[in-house]
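Trainee: Before I ask anything, let me first share the structure, which is written out below as structure tokens.
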Amino acid sequence: MSEAIRFEDKVVIVTGAGGGLGRAHALLFAKHGARVVVNDLGGSAHGEGANASAADKVVAEIQAAGGTAVANHDSVTDGGKIVQNALDAFGRIDVVVNNAGILRDKSFVKMEDADWDLVYKVHVEGAYKVTHAAWPHLREQNFGRVIFTASTSGIYGNFGQSNYGMAKLGLYGLTRTLAIEGRKNNVLVNAIAPTGGTRMTEGLIPPQVFDQLKPELVSPLVVYLGSEQCQDTGGLYEVGGGWVGKVRWERSLGAGFDPKAGFSPEDVAGHWKQIGDFEGAVHPDDNVTALREMMANLQKYMKLG
Ligand SMILES: NC(=O)c1ccc[n+]([C@@H]2O[C@H](COP(=O)([O-])OP(=O)(O)OC[C@H]3O[C@@H](n4cnc5c(N)ncnc54)[C@H](O)[C@@H]3O)[C@@H](O)[C@H]2O)c1
């Protein structure tokens with residue numbers, strides 16, 4: 001059994017914690033001793049309206065269990081206010097869980113600018129605003145953990161979710177760069193792609209499976225990623241139904257052509273199989289290792305020339 005994971009001296013913001021996955025994360029952080037800012041605008045799953053009772057109820061649940069929490073009812077697009085609320089209530093901020101989200105599913109042909117923009121605003125701009133406001137505090141105290149909520153719809157694609165998929169994989173791009181920028185100040189940044197039975201997935205997942213995919217089965221990973229014990233950064237984890245796995249990029253060794261002579265579309269066609277052949281594939285973890293095969297190709301032809 002690993003050493004106990006505790007948050008007695010830590011303050012955690014969980015956005016969109018008035019229900020679904022965020023509520024489960026907030027309850028588990030509080031159970032492990034964290035003081036929690038339970039943020040939720042309390043709107044519909046489509047991002048309409050607002051209702052303070054969602055966050056208030058979760059705070060009441062945490063307090064009834066002996067934990068410490070405050071409610072925040074701002075939209076994540078006003079991220080600075082949420083971070084200020086944490087500072088006002090508890091004097092510090094240690095962990096940010098970017099979880100708030102909405103859906104505006106439509107096939108691309110029917111997608112309207114308003115659906116595209118609102119999904120971007122809540123998922124990407126919201127996560128940016130909260131994290132950006134917390135970032136200087138995390139850096140300064142040489143401790144921070146940030147968790148972004150991506151989705152398999154971003155990683156693999158899903159019919160009717162072009163806006164959502166764009167936003168969700170965008171958050172992984174943000175994760176990768178913040179992991180690099182935060183590392184030297186012990187600010188570690190990871191992303192999860194969860195699956196859980198919530199109002200967001202109700203009707204999409206068959207009822208018998210829906211009941212098994214309890215939101216509580218996602219939170220242990222999130223709480224671990226928020227802890228001092230977690231020393232990994234830049235990771236992407238799929239999680240749900242009591243299972244956790246890690247995702248990484250894989251790239252073929254590819255095909256190289258003479259850069260001086262150039263190459264034609266027909267050359268591409270002639271090497272198409274080789275370009276897509278994953279035998280001996282590599283798993284680049286940064287920009288430098290990603291460029292290795294390209295640089296080797298340049299070198300090979302420079303030597304010949
Ligand atoms: N449930 C799944 O299977 C699943 C799969 C992949 C990704 N996700 C992601 O997990 C996160 C949580 O989703 P969920 O399934 O628990 O859905 P949910 O609808 O139960 O929870 C989302 C919460 O975010 C809040 N919210 C929405 N807009 C907000 C805003 N502007 N400011 C503050 N709060 C706001 C909502 O009020 C709601 O309580 C989302 O980011 C979602 O995209 C969920």
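Chain labels A, B, ... are given in the sequence in which chains occur in the structure tokens; within each chain residues are numbered consecutively from 1, and ligands are likewise numbered from 1 in the order shown.
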Excluding same-chain residues fewer than 2 positions from A:Thr201, what lies within 12 Å of it counting only C-alpha atoms, as number ranges by chain?

Mentor: A: 20-21, 45, 102-103, 105, 194-199, 203-207, 209-211, 213-215

Trainee: For the residues in the current selection, export C-alpha atoms as a tab-separated table (two decimals), in the first residue's frame.

Mentor:
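Written output follows (part_5.tsv):
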```tsv
chain	number	residue	atom	x	y	z
A	20	GLY	CA	-21.16	15.01	-12.32
A	21	LEU	CA	-17.41	14.36	-12.31
A	45	ALA	CA	-25.65	20.95	-20.06
A	102	ILE	CA	-20.83	21.93	-21.81
A	103	LEU	CA	-21.93	20.25	-25.03
A	105	ASP	CA	-23.35	18.67	-30.43
A	194	PRO	CA	-12.66	10.57	-18.50
A	195	THR	CA	-15.75	8.48	-19.09
A	196	GLY	CA	-18.52	8.76	-16.53
A	197	GLY	CA	-22.28	8.44	-16.20
A	198	THR	CA	-23.34	12.09	-15.80
A	199	ARG	CA	-26.04	14.34	-17.24
A	203	GLY	CA	-28.96	8.96	-23.16
A	204	LEU	CA	-25.66	8.50	-25.02
A	205	ILE	CA	-24.42	5.53	-22.98
A	206	PRO	CA	-26.70	2.43	-22.61
A	207	PRO	CA	-28.43	2.64	-19.17
A	209	VAL	CA	-23.38	0.64	-18.58
A	210	PHE	CA	-24.22	4.24	-17.52
A	211	ASP	CA	-24.97	3.04	-13.98
A	213	LEU	CA	-19.63	4.31	-14.93
A	214	LYS	CA	-19.86	6.12	-11.63
A	215	PRO	CA	-18.20	9.57	-11.55
```

Trainee: As a short mmCIF file (atom, residue, chain, number, x, y, z; two decimals) with N, CA and C atoms, in the first residue's frame, list the residues of stretch 71-126 of chain A assigned to strand (DSSP E or B) by DSSP on the backbone atoms of this structure.

Mentor:
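Generated output (out_16.cif):
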```
data_model
loop_
_atom_site.label_atom_id
_atom_site.label_comp_id
_atom_site.auth_asym_id
_atom_site.auth_seq_id
_atom_site.Cartn_x
_atom_site.Cartn_y
_atom_site.Cartn_z
N ALA A 71 -18.27 27.86 -1.79
CA ALA A 71 -18.89 27.82 -3.12
C ALA A 71 -18.47 29.05 -3.91
N ASN A 72 -18.32 28.86 -5.21
CA ASN A 72 -18.08 29.98 -6.12
C ASN A 72 -19.00 29.80 -7.31
N VAL A 95 -3.87 23.59 -6.20
CA VAL A 95 -4.27 22.65 -7.24
C VAL A 95 -5.45 23.24 -8.01
N VAL A 96 -5.37 23.16 -9.34
CA VAL A 96 -6.49 23.61 -10.18
C VAL A 96 -6.98 22.42 -10.99
N VAL A 97 -8.24 22.08 -10.82
CA VAL A 97 -8.83 21.03 -11.65
C VAL A 97 -9.81 21.71 -12.61
N ASN A 98 -9.41 21.78 -13.88
CA ASN A 98 -10.26 22.38 -14.92
C ASN A 98 -11.21 21.31 -15.43
N LYS A 106 -23.55 18.99 -32.80
CA LYS A 106 -24.22 19.14 -34.10
C LYS A 106 -23.27 18.62 -35.16
#
```

Trainee: Let me have all residues with an atom within 7 Å of ligand 1, counting only C-alpha atoms and all ligand atoms, laid out as a ChimeraX atom specification.

Mentor: /A:15-22,39-45,47,54,74-77,99-102,122-123,126,149-152,193-201

Trainee: Mind giving me the straight-line distance from atom CA of A:Tyr224 to atom CA of A:Ala4 in Å, one decimal?

Mentor: 10.5 Å

Trainee: Just list the residues in stretch 56-298 of chain A DSSP gives helix (DSSP H, G or I) on the backbone, as number ranges by chain.

Mentor: A: 56-64, 76-90, 108-110, 113-140, 152-155, 162-185, 207-212, 215-217, 219-225, 265-270, 272-275, 287-290, 292-298

Trainee: For A:Tyr120, which residue among A:Arg145, A:Ser107, A:Tyr156, A:Ser162 is the nearest when counting only C-alpha atoms?

Mentor: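 Among the listed residues, the smallest separation from A:Tyr120 belongs to A:Ser162.
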
Trainee: For each of A:Ile62, A:Val187, A:Ala167, A:Met302, take the minimum atom-to-atom distance to A:Leu138, counting only C-alpha atoms, then give the residue where this is smallest.

Mentor: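 Once distances to A:Leu138 are computed over only C-alpha atoms, the minimum belongs to A:Val187.
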
Trainee: Kindly indicate which residue among A:Gly79, A:Gly67, A:Pro284, A:Gly49 lies nearest to A:His132, using only C-alpha atoms for the distances.

Mentor: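 Closest residue, counting only C-alpha atoms: A:Gly79.
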
Trainee: Please report the interatomic distance between atom CA of A:Lys129 and atom CA of A:Asp56 in Å with one decimal.

Mentor: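 Separating atom CA of A:Lys129 from atom CA of A:Asp56 is a distance of 22.5 Å.
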
Trainee: Do you know which residues are at most 12 Å from A:Val244 counting only C-alpha atoms, after dropping those on the same chain fewer than 3 positions away, and could you put them as a list in words?

Mentor: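 These residues fall inside the cut-off: Ile192, Ala193, Pro194, Thr195, Leu217, Val218, Ser219, Pro220, Leu221, Val222, Tyr224, Leu236, Tyr237, Glu238, Val239, Gly240, Gly241 and Val247 of chain A.
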
Trainee: May I ask for the distance between atom CA of A:Asp286 and atom CA of A:Leu174, given in Å to one decimal place?

Mentor: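 These atoms are spaced 13.8 Å apart.
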
Trainee: Can you work out which one of A:Tyr128, A:His32, A:Ser227, A:Ala133 has the shortest atom-to-atom distance to A:Ile82, counting only C-alpha atoms?

Mentor: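 Comparing A:Tyr128, A:His32, A:Ser227, A:Ala133 against A:Ile82, the winner is A:Ala133.
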